[in-house]
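Everything below belongs to protein13.csv, which stores CSV, C-alpha atoms and all ligand atoms.
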```
chain,number,residue,atom,x,y,z
A,1,MET,CA,-28.9,13.8,0.3
A,2,GLY,CA,-30.7,10.6,-0.5
A,3,ILE,CA,-27.6,8.4,-0.4
A,4,SER,CA,-27.5,6.0,2.5
A,5,ALA,CA,-25.1,7.0,5.4
A,6,LYS,CA,-23.2,3.8,5.1
A,7,MET,CA,-21.9,4.8,1.6
A,8,SER,CA,-19.7,7.4,3.3
A,9,LYS,CA,-18.0,4.6,5.3
A,10,LEU,CA,-16.9,2.7,2.2
A,11,GLY,CA,-13.1,3.0,1.7
A,12,THR,CA,-11.1,2.1,-1.4
A,13,GLU,CA,-8.0,0.3,-2.6
A,14,THR,CA,-5.3,3.0,-3.3
A,15,ALA,CA,-3.6,0.6,-5.7
A,16,PHE,CA,-6.3,1.3,-8.2
A,17,ASP,CA,-5.9,5.1,-7.8
A,18,VAL,CA,-2.1,4.8,-8.3
A,19,LEU,CA,-2.7,2.5,-11.3
A,20,ALA,CA,-4.9,5.2,-12.9
A,21,ARG,CA,-2.4,8.0,-12.0
A,22,ALA,CA,0.5,6.0,-13.4
A,23,ALA,CA,-1.4,5.4,-16.6
A,24,LYS,CA,-2.2,9.1,-16.9
A,25,LEU,CA,1.4,10.1,-16.3
A,26,GLY,CA,2.6,7.4,-18.8
A,27,GLY,CA,0.1,8.7,-21.3
A,28,ASP,CA,1.5,12.2,-20.9
A,29,GLY,CA,4.9,10.9,-21.9
A,30,MET,CA,6.5,10.1,-18.5
A,31,ASP,CA,8.6,6.9,-18.3
A,32,VAL,CA,6.7,5.3,-15.4
A,33,ILE,CA,7.8,2.0,-13.8
A,34,ASN,CA,4.9,0.3,-12.0
A,35,LEU,CA,5.8,-1.3,-8.7
A,36,GLY,CA,2.3,-0.4,-7.4
A,37,ILE,CA,-0.4,-2.8,-8.4
A,38,GLY,CA,-0.4,-6.3,-6.9
A,39,GLN,CA,-0.6,-8.5,-10.0
A,40,PRO,CA,1.8,-10.8,-11.7
A,41,ASP,CA,3.4,-9.3,-14.8
A,42,PHE,CA,3.2,-12.7,-16.5
A,43,PRO,CA,0.5,-13.6,-19.0
A,44,THR,CA,-2.0,-16.4,-18.0
A,45,PRO,CA,-0.3,-19.7,-19.1
A,46,ALA,CA,-1.4,-20.6,-22.6
A,47,PRO,CA,-3.3,-23.9,-21.8
A,48,ILE,CA,-5.5,-22.0,-19.4
A,49,VAL,CA,-6.3,-19.3,-22.0
A,50,ASP,CA,-7.0,-22.1,-24.5
A,51,ALA,CA,-9.4,-23.8,-22.1
A,52,GLY,CA,-11.3,-20.5,-21.8
A,53,ILE,CA,-11.5,-20.0,-25.5
A,54,ARG,CA,-12.5,-23.6,-26.0
A,55,ALA,CA,-15.3,-23.2,-23.5
A,56,LEU,CA,-16.6,-20.2,-25.4
A,57,SER,CA,-16.4,-22.1,-28.8
A,58,GLU,CA,-18.2,-25.1,-27.3
A,59,GLY,CA,-21.1,-22.8,-26.3
A,60,HIS,CA,-20.6,-22.2,-22.6
A,61,HIS,CA,-22.3,-18.9,-22.8
A,62,GLY,CA,-25.1,-19.1,-20.2
A,63,TYR,CA,-25.6,-18.8,-16.5
A,64,THR,CA,-24.1,-21.6,-14.4
A,65,ALA,CA,-25.2,-22.7,-11.0
A,66,ALA,CA,-24.7,-19.8,-8.5
A,67,ASN,CA,-22.1,-21.7,-6.5
A,68,GLY,CA,-20.2,-22.7,-9.7
A,69,ILE,CA,-19.9,-25.7,-12.0
A,70,VAL,CA,-19.5,-29.0,-10.2
A,71,GLU,CA,-16.4,-30.0,-12.1
A,72,LEU,CA,-14.6,-26.8,-10.9
A,73,ARG,CA,-15.8,-27.3,-7.3
A,74,GLU,CA,-14.5,-30.9,-7.5
A,75,ALA,CA,-11.2,-29.6,-8.9
A,76,VAL,CA,-10.9,-27.1,-6.0
A,77,ALA,CA,-11.6,-29.9,-3.4
A,78,ALA,CA,-8.9,-32.0,-5.0
A,79,ASP,CA,-6.5,-29.1,-4.9
A,80,ILE,CA,-7.3,-28.5,-1.2
A,81,LEU,CA,-6.5,-32.2,-0.6
A,82,LYS,CA,-3.3,-31.9,-2.5
A,83,TYR,CA,-1.9,-28.8,-1.0
A,84,ARG,CA,-3.6,-28.5,2.4
A,85,LYS,CA,-4.0,-32.3,3.0
A,86,VAL,CA,-7.6,-32.0,4.1
A,87,ALA,CA,-10.6,-33.7,2.5
A,88,VAL,CA,-13.5,-31.3,1.9
A,89,ASN,CA,-16.9,-31.6,0.3
A,90,PRO,CA,-17.2,-29.8,-3.0
A,91,ASP,CA,-20.6,-28.6,-1.8
A,92,ASN,CA,-18.9,-26.4,0.7
A,93,ILE,CA,-17.0,-24.6,-2.1
A,94,LEU,CA,-18.4,-21.5,-3.7
A,95,ILE,CA,-16.9,-20.2,-6.9
A,96,MET,CA,-16.6,-16.4,-6.8
A,97,PRO,CA,-15.8,-13.5,-9.1
A,98,GLY,CA,-12.3,-13.1,-7.5
A,99,GLY,CA,-10.9,-13.6,-4.1
A,100,LYS,CA,-12.3,-10.3,-2.8
A,101,VAL,CA,-16.0,-11.3,-2.9
A,102,THR,CA,-15.5,-14.1,-0.4
A,103,MET,CA,-14.2,-11.5,2.1
A,104,SER,CA,-17.0,-9.1,1.4
A,105,PHE,CA,-19.6,-11.7,1.9
A,106,ALA,CA,-18.0,-13.0,5.1
A,107,ILE,CA,-17.8,-9.5,6.5
A,108,GLU,CA,-21.4,-8.7,5.4
A,109,MET,CA,-22.6,-11.9,7.1
A,110,PHE,CA,-21.1,-11.1,10.5
A,111,GLY,CA,-20.8,-7.3,10.4
A,112,GLU,CA,-23.5,-5.0,11.9
A,113,VAL,CA,-23.6,-2.1,14.4
A,114,GLY,CA,-22.3,-3.4,17.8
A,115,ALA,CA,-20.3,-6.2,16.3
A,116,GLU,CA,-16.5,-6.2,16.3
A,117,ILE,CA,-14.3,-7.7,13.6
A,118,LEU,CA,-10.5,-8.3,14.1
A,119,TYR,CA,-8.4,-7.6,11.0
A,120,PRO,CA,-4.7,-7.4,10.2
A,121,ASN,CA,-3.1,-3.9,10.2
A,122,PRO,CA,-1.3,-3.2,8.0
A,123,GLY,CA,-3.5,-5.4,5.8
A,124,PHE,CA,-5.4,-5.6,2.6
A,125,PRO,CA,-7.5,-2.3,2.7
A,126,ILE,CA,-10.8,-3.9,1.8
A,127,TYR,CA,-11.0,-5.6,5.2
A,128,GLU,CA,-11.3,-2.3,7.1
A,129,SER,CA,-13.4,-0.7,4.3
A,130,MET,CA,-16.0,-3.5,4.3
A,131,ILE,CA,-16.0,-3.8,8.1
A,132,ARG,CA,-16.8,-0.1,8.5
A,133,TYR,CA,-19.4,-0.3,5.6
A,134,SER,CA,-21.1,-3.2,7.4
A,135,GLY,CA,-21.5,-1.0,10.5
A,136,ALA,CA,-19.2,-3.2,12.6
A,137,THR,CA,-16.2,-1.8,14.5
A,138,PRO,CA,-12.8,-2.7,13.0
A,139,ILE,CA,-10.3,-3.9,15.7
A,140,PRO,CA,-6.8,-4.0,14.3
A,141,ILE,CA,-4.4,-6.9,14.9
A,142,PRO,CA,-1.0,-5.1,14.7
A,143,LEU,CA,1.5,-6.8,12.4
A,144,LEU,CA,4.8,-5.2,13.5
A,145,GLU,CA,8.1,-5.4,11.7
A,146,GLU,CA,9.9,-6.2,15.0
A,147,ASN,CA,7.8,-9.4,15.1
A,148,GLY,CA,8.7,-10.3,11.5
A,149,PHE,CA,5.2,-9.0,10.5
A,150,SER,CA,3.7,-11.9,12.4
A,151,PHE,CA,1.5,-11.7,15.5
A,152,ASP,CA,1.4,-12.9,19.0
A,153,ALA,CA,-1.6,-15.2,19.4
A,154,ASP,CA,-2.1,-14.3,23.0
A,155,HIS,CA,-2.5,-10.7,22.0
A,156,VAL,CA,-5.0,-11.6,19.3
A,157,LEU,CA,-7.0,-13.7,21.9
A,158,SER,CA,-6.9,-10.8,24.3
A,159,LEU,CA,-8.7,-8.6,21.8
A,160,ILE,CA,-11.8,-10.9,21.8
A,161,ASN,CA,-14.8,-9.9,23.8
A,162,GLU,CA,-18.6,-10.7,23.7
A,163,ASN,CA,-19.0,-8.5,20.6
A,164,THR,CA,-16.3,-10.2,18.5
A,165,ARG,CA,-17.9,-12.0,15.6
A,166,LEU,CA,-15.1,-12.6,13.1
A,167,ILE,CA,-11.3,-12.7,13.0
A,168,ILE,CA,-9.6,-12.1,9.6
A,169,LEU,CA,-6.2,-13.6,9.0
A,170,ASN,CA,-4.0,-13.4,6.0
A,171,THR,CA,-0.8,-15.4,5.4
A,172,PRO,CA,1.3,-14.9,3.4
A,173,ALA,CA,0.4,-11.3,3.7
A,174,ASN,CA,-0.3,-8.3,1.6
A,175,PRO,CA,1.3,-5.7,2.0
A,176,THR,CA,4.2,-7.0,4.2
A,177,GLY,CA,5.2,-10.2,2.4
A,178,GLY,CA,5.2,-11.7,6.0
A,179,VAL,CA,4.1,-15.1,7.0
A,180,ILE,CA,2.4,-15.8,10.4
A,181,GLU,CA,4.4,-18.3,12.3
A,182,GLU,CA,2.8,-21.8,12.6
A,183,LYS,CA,3.2,-21.9,16.4
A,184,GLU,CA,1.1,-18.7,16.7
A,185,LEU,CA,-1.6,-20.0,14.3
A,186,LYS,CA,-1.7,-23.2,16.3
A,187,LYS,CA,-1.9,-21.3,19.6
A,188,LEU,CA,-4.7,-19.1,18.2
A,189,ALA,CA,-6.7,-22.1,17.0
A,190,GLU,CA,-6.4,-23.7,20.4
A,191,GLY,CA,-7.3,-20.5,22.2
A,192,LEU,CA,-10.3,-20.1,20.0
A,193,GLU,CA,-11.8,-23.2,21.6
A,194,GLN,CA,-12.7,-20.9,24.5
A,195,HIS,CA,-14.6,-18.7,22.0
A,196,PRO,CA,-16.9,-21.0,20.1
A,197,ASP,CA,-19.1,-18.3,18.7
A,198,VAL,CA,-16.2,-16.5,16.9
A,199,TYR,CA,-15.8,-17.2,13.2
A,200,ILE,CA,-12.5,-17.1,11.2
A,201,LEU,CA,-11.9,-15.8,7.7
A,202,SER,CA,-8.5,-17.1,6.5
A,203,ASP,CA,-7.4,-15.2,3.4
A,204,GLU,CA,-5.0,-17.6,1.8
A,205,ILE,CA,-4.8,-16.0,-1.7
A,206,TYR,CA,-1.0,-16.2,-1.6
A,207,SER,CA,-0.9,-19.8,-0.3
A,208,ARG,CA,1.2,-21.1,-3.3
A,209,MET,CA,3.6,-18.1,-3.1
A,210,THR,CA,6.2,-18.8,-0.4
A,211,TYR,CA,10.0,-18.8,-0.7
A,212,ASP,CA,12.9,-20.9,0.6
A,213,GLY,CA,10.8,-24.0,0.8
A,214,LEU,CA,8.6,-22.6,3.5
A,215,ALA,CA,5.4,-24.6,3.6
A,216,HIS,CA,2.1,-22.6,3.7
A,217,VAL,CA,0.2,-23.4,6.9
A,218,SER,CA,-3.6,-23.3,6.2
A,219,MET,CA,-6.0,-22.6,9.0
A,220,LEU,CA,-7.6,-25.8,7.7
A,221,SER,CA,-4.8,-27.6,9.5
A,222,PHE,CA,-6.6,-27.1,12.8
A,223,PRO,CA,-9.7,-29.4,13.1
A,224,GLN,CA,-11.0,-27.7,16.3
A,225,ILE,CA,-12.1,-24.5,14.3
A,226,ARG,CA,-13.1,-26.2,11.0
A,227,ASP,CA,-16.8,-25.8,11.6
A,228,ARG,CA,-16.5,-22.0,11.8
A,229,LEU,CA,-13.7,-21.4,9.3
A,230,ILE,CA,-14.1,-19.7,6.0
A,231,VAL,CA,-11.1,-20.1,3.6
A,232,LEU,CA,-10.5,-17.7,0.7
A,233,ASP,CA,-8.3,-18.4,-2.2
A,234,GLY,CA,-8.4,-18.1,-6.0
A,235,TRP,CA,-6.6,-18.0,-9.3
A,236,SER,CA,-5.6,-14.3,-9.5
A,237,LYS,CA,-2.1,-14.5,-8.1
A,238,THR,CA,-1.1,-18.1,-8.5
A,239,TYR,CA,-2.0,-18.4,-12.2
A,240,ALA,CA,-1.6,-14.7,-13.2
A,241,MET,CA,-5.4,-14.5,-13.7
A,242,THR,CA,-6.3,-11.2,-12.0
A,243,GLY,CA,-8.5,-10.0,-14.9
A,244,TRP,CA,-10.5,-13.2,-15.2
A,245,ARG,CA,-12.2,-12.6,-11.9
A,246,LEU,CA,-12.1,-16.0,-10.5
A,247,GLY,CA,-11.8,-17.1,-6.9
A,248,TRP,CA,-13.2,-19.6,-4.4
A,249,GLY,CA,-14.4,-19.7,-0.8
A,250,LEU,CA,-14.7,-22.8,1.4
A,251,TRP,CA,-17.6,-22.3,3.8
A,252,PRO,CA,-18.8,-24.3,6.8
A,253,ASP,CA,-22.1,-26.2,6.3
A,254,LYS,CA,-24.3,-23.7,8.2
A,255,LEU,CA,-23.1,-20.7,6.1
A,256,VAL,CA,-23.3,-22.3,2.7
A,257,PRO,CA,-27.0,-21.4,2.1
A,258,TYR,CA,-26.4,-17.7,3.2
A,259,ALA,CA,-23.3,-17.4,1.0
A,260,THR,CA,-25.1,-19.0,-2.0
A,261,ARG,CA,-28.0,-16.5,-1.5
A,262,LEU,CA,-25.6,-13.6,-1.5
A,263,CYS,CA,-24.2,-15.0,-4.8
A,264,VAL,CA,-27.7,-15.1,-6.3
A,265,ASN,CA,-28.4,-11.6,-5.1
A,266,TYR,CA,-25.1,-10.0,-6.2
A,267,HIS,CA,-23.8,-11.7,-9.3
A,268,SER,CA,-25.9,-14.8,-10.2
A,269,CYS,CA,-22.8,-16.8,-11.1
A,270,VAL,CA,-19.2,-16.4,-12.3
A,271,ASN,CA,-18.4,-16.0,-16.0
A,272,ALA,CA,-18.8,-19.5,-17.4
A,273,ALA,CA,-15.7,-19.6,-19.6
A,274,ALA,CA,-13.5,-18.4,-16.8
A,275,GLN,CA,-14.7,-21.3,-14.7
A,276,TYR,CA,-13.6,-23.8,-17.4
A,277,ALA,CA,-10.3,-22.1,-17.6
A,278,GLY,CA,-10.1,-22.5,-13.8
A,279,ILE,CA,-10.4,-26.3,-14.2
A,280,GLU,CA,-7.4,-26.4,-16.5
A,281,ALA,CA,-5.4,-24.2,-14.2
A,282,LEU,CA,-5.9,-26.5,-11.2
A,283,THR,CA,-5.6,-29.9,-13.1
A,284,GLY,CA,-3.1,-29.0,-15.8
A,285,ASP,CA,0.7,-28.6,-15.8
A,286,GLN,CA,1.9,-26.7,-12.8
A,287,SER,CA,5.3,-25.8,-14.1
A,288,PRO,CA,4.3,-22.2,-15.1
A,289,VAL,CA,3.6,-21.6,-11.4
A,290,ASP,CA,7.0,-22.8,-10.4
A,291,GLU,CA,8.7,-20.8,-13.2
A,292,MET,CA,6.8,-17.6,-12.0
A,293,MET,CA,7.8,-18.2,-8.4
A,294,ALA,CA,11.5,-18.7,-9.4
A,295,ALA,CA,11.4,-15.3,-11.2
A,296,PHE,CA,9.7,-13.7,-8.2
A,297,ASP,CA,12.4,-15.1,-5.9
A,298,GLU,CA,15.2,-13.6,-8.0
A,299,ARG,CA,13.4,-10.3,-8.0
A,300,ARG,CA,12.8,-10.5,-4.3
A,301,HIS,CA,16.5,-10.8,-3.6
A,302,LEU,CA,17.3,-8.0,-6.0
A,303,ILE,CA,14.9,-5.5,-4.5
A,304,HIS,CA,15.7,-6.5,-0.9
A,305,GLY,CA,19.4,-6.1,-1.5
A,306,ARG,CA,19.1,-2.8,-3.3
A,307,LEU,CA,16.7,-1.2,-0.7
A,308,ASN,CA,19.0,-2.2,2.2
A,309,THR,CA,21.9,-0.3,0.7
A,310,MET,CA,20.0,3.0,0.5
A,311,PRO,CA,20.4,5.7,3.2
A,312,GLY,CA,17.4,5.9,5.5
A,313,ILE,CA,15.7,2.8,4.1
A,314,THR,CA,15.7,-0.8,5.4
A,315,CYS,CA,13.7,-3.8,4.2
A,316,THR,CA,12.9,-7.1,5.8
A,317,LEU,CA,13.3,-10.1,3.5
A,318,PRO,CA,9.7,-11.1,2.3
A,319,LYS,CA,8.8,-14.7,3.0
A,320,GLY,CA,5.8,-14.8,0.7
A,321,ALA,CA,3.7,-13.0,-2.0
A,322,PHE,CA,5.5,-10.5,-4.2
A,323,TYR,CA,5.7,-7.4,-2.0
A,324,ALA,CA,8.6,-5.7,-0.2
A,325,PHE,CA,7.4,-3.5,2.6
A,326,ALA,CA,10.3,-1.1,3.1
A,327,ASN,CA,10.8,1.0,6.3
A,328,ILE,CA,11.4,4.6,5.3
A,329,LYS,CA,11.1,6.2,8.7
A,330,GLU,CA,14.7,7.5,8.7
A,331,THR,CA,14.2,9.4,5.4
A,332,GLY,CA,12.0,11.9,7.3
A,333,LEU,CA,9.2,11.7,4.7
A,334,SER,CA,5.7,10.4,5.5
A,335,SER,CA,4.6,7.3,3.6
A,336,ARG,CA,2.1,9.3,1.5
A,337,ASP,CA,4.7,12.0,0.6
A,338,MET,CA,7.2,9.3,-0.4
A,339,GLN,CA,4.5,7.6,-2.6
A,340,ASP,CA,3.7,11.0,-4.3
A,341,THR,CA,7.4,12.0,-4.7
A,342,LEU,CA,8.3,8.7,-6.2
A,343,LEU,CA,5.5,8.7,-8.7
A,344,ASP,CA,5.0,12.4,-9.6
A,345,ASP,CA,8.7,13.4,-9.6
A,346,HIS,CA,10.5,10.2,-10.5
A,347,GLY,CA,8.0,7.9,-12.3
A,348,VAL,CA,8.0,5.0,-9.8
A,349,ALA,CA,4.6,3.8,-8.8
A,350,THR,CA,4.5,2.4,-5.3
A,351,ILE,CA,1.8,2.3,-2.5
A,352,SER,CA,2.0,4.2,0.7
A,353,GLY,CA,2.0,2.0,3.8
A,354,THR,CA,-0.9,4.0,5.2
A,355,SER,CA,-3.1,2.7,2.4
A,356,PHE,CA,-3.1,-0.6,4.3
A,357,GLY,CA,-4.0,1.0,7.7
A,358,ALA,CA,-2.6,3.4,10.3
A,359,ASP,CA,0.1,0.9,11.3
A,360,GLY,CA,1.6,1.2,7.8
A,361,GLU,CA,2.9,4.7,8.5
A,362,GLY,CA,6.7,4.8,7.8
A,363,TYR,CA,6.5,2.1,5.1
A,364,ILE,CA,6.2,1.9,1.4
A,365,ARG,CA,5.0,-1.2,-0.5
A,366,PHE,CA,6.9,-2.2,-3.6
A,367,SER,CA,5.3,-4.9,-5.7
A,368,TYR,CA,8.2,-6.7,-7.4
A,369,ALA,CA,6.0,-8.1,-10.1
A,370,ASN,CA,8.1,-6.4,-12.7
A,371,SER,CA,11.2,-7.3,-14.7
A,372,LEU,CA,14.7,-7.3,-13.2
A,373,GLU,CA,15.6,-4.5,-15.5
A,374,ASN,CA,12.7,-2.4,-14.5
A,375,ILE,CA,13.3,-3.1,-10.8
A,376,ASN,CA,16.9,-2.0,-11.2
A,377,LYS,CA,15.9,1.1,-13.0
A,378,ALA,CA,13.2,1.9,-10.3
A,379,MET,CA,15.7,1.3,-7.6
A,380,ASP,CA,18.2,3.7,-9.2
A,381,ARG,CA,15.5,6.4,-8.9
A,382,VAL,CA,14.5,5.5,-5.3
A,383,GLU,CA,18.2,5.5,-4.4
A,384,LYS,CA,18.5,9.0,-5.8
A,385,VAL,CA,15.6,10.2,-3.7
A,386,ALA,CA,17.0,8.5,-0.6
A,387,GLN,CA,20.4,10.1,-1.1
A,388,GLU,CA,18.9,13.6,-1.7
A,389,LEU,CA,16.8,13.2,1.5
A,390,SER,CA,19.8,12.2,3.5
A,391,GLY,CA,21.8,15.1,2.2
A,392,LEU,CA,24.3,13.0,0.3
A,401,LIG,N1,-6.7,-10.9,-0.6
A,401,LIG,C1,-5.6,-10.3,-0.6
A,401,LIG,C2,-4.7,-10.4,0.6
A,401,LIG,C3,-5.1,-9.6,-1.7
A,401,LIG,O1,-3.9,-9.0,-1.7
A,401,LIG,C4,-6.0,-9.6,-2.9
A,401,LIG,C5,-5.6,-8.8,-4.1
A,401,LIG,O2,-4.6,-8.0,-4.1
A,401,LIG,C6,-7.2,-10.2,-2.8
A,401,LIG,C7,-7.6,-10.9,-1.7
A,401,LIG,C8,-8.2,-10.1,-3.9
A,401,LIG,O3,-7.9,-11.0,-5.0
A,401,LIG,P1,-8.8,-11.0,-6.3
A,401,LIG,O4,-8.1,-10.1,-7.3
A,401,LIG,O5,-8.8,-12.4,-6.7
A,401,LIG,O6,-10.2,-10.4,-5.9
```
Turn the structure described in the file into structure tokens.
Ligand code: PLP
Amino acid sequence: MGISAKMSKLGTETAFDVLARAAKLGGDGMDVINLGIGQPDFPTPAPIVDAGIRALSEGHHGYTAANGIVELREAVAADILKYRKVAVNPDNILIMPGGKVTMSFAIEMFGEVGAEILYPNPGFPIYESMIRYSGATPIPIPLLEENGFSFDADHVLSLINENTRLIILNTPANPTGGVIEEKELKKLAEGLEQHPDVYILSDEIYSRMTYDGLAHVSMLSFPQIRDRLIVLDGWSKTYAMTGWRLGWGLWPDKLVPYATRLCVNYHSCVNAAAQYAGIEALTGDQSPVDEMMAAFDERRHLIHGRLNTMPGITCTLPKGAFYAFANIKETGLSSRDMQDTLLDDHGVATISGTSFGADGEGYIRFSYANSLENINKAMDRVEKVAQELSGL
């Protein structure tokens, strides 16, 4: 009693529950290999750490502007020009405490009872959680394995009605490692010309994490939707900075005042030293990013190859991010039972596909942000489970 009804609608991110459980089992003496949490296992590159330390030594201890320091917003604008080939005004960029907050603000801005918001399913769990919390109705965009975890733009457009306020897109994607095909993104952007009141949130947090030379296609590539497009990206994944809590959002002119006001209400501003570290990350040597991606690529092939030799398990080769979304339907176990068996009985932390939405049933997400040695060791254990389940 006393707590508002909407609190009961707030979901969670199972990855944090699994992280806590894995830590508990590890503390109790179990040899746990963590392929659960979605964070690079590399340290933040030293020059970035040094820039943060320097900022503290130089006295950057106070509040900054709510939307972030101007040098950082200019660095983000230069980065967008470099990688997405679009010139944007630094005044449209808001520095955030992580990528997540841009999505929460966007959903809060458009979500209310009677509104519908389209979101990827399976997808990052906070989309559905925050949509429900806002009072809006979540409408899933199915990302099916048979479509390469991409979508059909005509299908997405068919889900739009007069109540649709926002469409959330995520490419490269968590949890599937899939990439939405450029032709579908283009078709969607063109189709959206018929729906001028619908806004788009493009979650591009894995934009620098693609493989085999595949270029990331930003929704910014499509001028016809630019005045109603919110882009989310940040430092967490690309620069191994998950704990710094640093992200950015690019907002259309008319939304900037509202988003800034949300910043003032929720967090005032982002940690000042982290913002200075963020400038170094964007403007400094990019070779640590390339080295990290080369390591992820090697691990991607290892885990993909190993999973596909196991009875009852298949896995599509991920095209981006650092997740393998393995199909376990033939093993006969539900996703949740497989997650629990792997962790509690075999010390391998993974995430059930259903943590990412109902369409994730039959899948397990492996984060391959771990060493080759640990991935091999974990795969030996998964193989044993798969063999036992298949009666071998
Ligand atoms: N968007 C997606 C698709 C993610 O997978 C994540 C983190 O896992 C985030 C956003 C949030 O990133 P951050 O840790 O910067 O808040």
Per residue of chain A within 9 Å of ligand LIG 401 (chain A), which atom pair is closest and at what distance in Å (one decimal), using all atoms listed in the file, listed by chain and increasing number, as a tab-separated table?
```
residue	atom	partner	partner_atom	distance
A:Ala15	CA	A:LIG401	O2	8.8
A:Ile37	CA	A:LIG401	O2	7.9
A:Gly38	CA	A:LIG401	O2	5.3
A:Gln39	CA	A:LIG401	O2	7.1
A:Met96	CA	A:LIG401	O5	8.8
A:Pro97	CA	A:LIG401	O6	7.2
A:Gly98	CA	A:LIG401	O5	3.7
A:Gly99	CA	A:LIG401	O5	3.6
A:Lys100	CA	A:LIG401	O6	3.7
A:Val101	CA	A:LIG401	O6	6.6
A:Thr102	CA	A:LIG401	O6	8.5
A:Met103	CA	A:LIG401	C7	7.6
A:Gly123	CA	A:LIG401	C2	7.3
A:Phe124	CA	A:LIG401	C2	5.2
A:Pro125	CA	A:LIG401	O1	8.8
A:Ile126	CA	A:LIG401	C7	8.5
A:Tyr127	CA	A:LIG401	N1	9.0
A:Asn170	CA	A:LIG401	C2	6.2
A:Thr171	CA	A:LIG401	C2	8.0
A:Pro172	CA	A:LIG401	C2	8.0
A:Ala173	CA	A:LIG401	C2	6.0
A:Asn174	CA	A:LIG401	O1	4.9
A:Pro175	CA	A:LIG401	O1	7.2
A:Asp203	CA	A:LIG401	N1	5.9
A:Glu204	CA	A:LIG401	C2	7.3
A:Ile205	CA	A:LIG401	N1	5.6
A:Tyr206	CA	A:LIG401	C2	7.2
A:Leu232	CA	A:LIG401	C7	7.8
A:Asp233	CA	A:LIG401	O5	7.5
A:Gly234	CA	A:LIG401	O5	5.8
A:Trp235	CA	A:LIG401	O5	6.6
A:Ser236	CA	A:LIG401	O5	4.7
A:Lys237	CA	A:LIG401	O5	7.2
A:Met241	CA	A:LIG401	O5	8.1
A:Thr242	CA	A:LIG401	O4	5.2
A:Gly243	CA	A:LIG401	O4	7.6
A:Trp244	CA	A:LIG401	O5	8.7
A:Arg245	CA	A:LIG401	O5	6.2
A:Leu246	CA	A:LIG401	O5	6.2
A:Gly247	CA	A:LIG401	O5	5.6
A:Trp248	CA	A:LIG401	O5	8.7
A:Ala321	CA	A:LIG401	O1	8.6
```
Q. Near range 217-230 of chain A, within 6 Å and counting only C-alpha atoms, which residues show up once chain neighbours fewer than 4 positions away are dropped, as number ranges by chain?
A. A: 199-201, 250-252
Q: Work out how far CA of Asp290 in chain A is from CA of Thr176 in chain A, in Å to one decimal.
A: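 Answer for the CA of Thr176 in chain A to CA of Asp290 in chain A separation: 21.7 Å.
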Q: Mind giving me the straight-line distance from CA of Phe296 in chain A to CA of Leu169 in chain A in Å, one decimal?
A: 23.4 Å
Q: Have a look at CA of Lys319 in chain A and CA of Pro122 in chain A and let me know their distance in Å, one decimal.
A: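 So the two atoms, CA of Lys319 in chain A and CA of Pro122 in chain A, lie 16.1 Å apart.
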Q: Would you please work out which residue, of A:Pro43, A:Gly111, A:Gly249, A:Gly27, is nearest to Gly68 in chain A when using all atoms listed in the file?
A: A:Gly249
(Q) Taking all atoms listed in the file into account, name the residue in A:Leu214, A:Ala349, A:Asp152, A:Arg261 that is nearest to Leu25 in chain A. (A)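 Looking only at the distances to Leu25 in chain A, the closest residue turns out to be A:Ala349.
Counting all atoms listed in the file, the residue from A:Pro90, A:Gly284, A:Gly320, A:Gly347 that sits nearest to His216 in chain A is A:Gly320.
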Q. Could you name the residues that touch Val289 in chain A at 10 Å or less, counting all atoms listed in the file, but leaving out those on the same chain fewer than 6 positions away, as a list in words?
A.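 Contacts, in chain order: Pro45, Arg208, Met209, Lys237, Thr238, Tyr239, Ala240 and Ala281 of chain A.
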**Q.** Residues within 8 Å of Arg73 in chain A, only C-alpha atoms, excluding chain neighbours under 6 positions, as a ChimeraX atom specification
**A.** /A:90-91,93-95
Q. Quick one: of A:Ser287, A:Thr350, A:Thr164, A:Ser367, who's nearest to Val32 in chain A, counting only C-alpha atoms?
A.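 Residue with the minimum atom-to-atom distance to Val32 in chain A: A:Thr350.
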Q: Rank A:Leu118, A:Val179, A:Leu343, A:Val385 by their smallest atom-to-atom distance to Arg21 in chain A, using all atoms listed in the file, and report the top residue only.
A: A:Leu343
Q.
From the options A:Tyr258, A:Phe149, A:Tyr133, A:Tyr276, which residue's atoms come nearest to Asp359 in chain A, counting all atoms listed in the file?
A.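 Once distances to Asp359 in chain A are computed over all atoms listed in the file, the minimum belongs to A:Phe149.
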Is it possible to get the residues within 9 Å of (-17.1, -25.4, -11.5) (coordinates as in the file, counting only C-alpha atoms) written as a tab-separated table (two decimals) with C-alpha atoms, in the coordinates of the input?
```
chain	number	residue	atom	x	y	z
A	64	THR	CA	-24.10	-21.60	-14.40
A	65	ALA	CA	-25.20	-22.70	-11.00
A	67	ASN	CA	-22.10	-21.70	-6.50
A	68	GLY	CA	-20.20	-22.70	-9.70
A	69	ILE	CA	-19.90	-25.70	-12.00
A	70	VAL	CA	-19.50	-29.00	-10.20
A	71	GLU	CA	-16.40	-30.00	-12.10
A	72	LEU	CA	-14.60	-26.80	-10.90
A	73	ARG	CA	-15.80	-27.30	-7.30
A	74	GLU	CA	-14.50	-30.90	-7.50
A	75	ALA	CA	-11.20	-29.60	-8.90
A	76	VAL	CA	-10.90	-27.10	-6.00
A	94	LEU	CA	-18.40	-21.50	-3.70
A	95	ILE	CA	-16.90	-20.20	-6.90
A	272	ALA	CA	-18.80	-19.50	-17.40
A	275	GLN	CA	-14.70	-21.30	-14.70
A	276	TYR	CA	-13.60	-23.80	-17.40
A	278	GLY	CA	-10.10	-22.50	-13.80
A	279	ILE	CA	-10.40	-26.30	-14.20
```
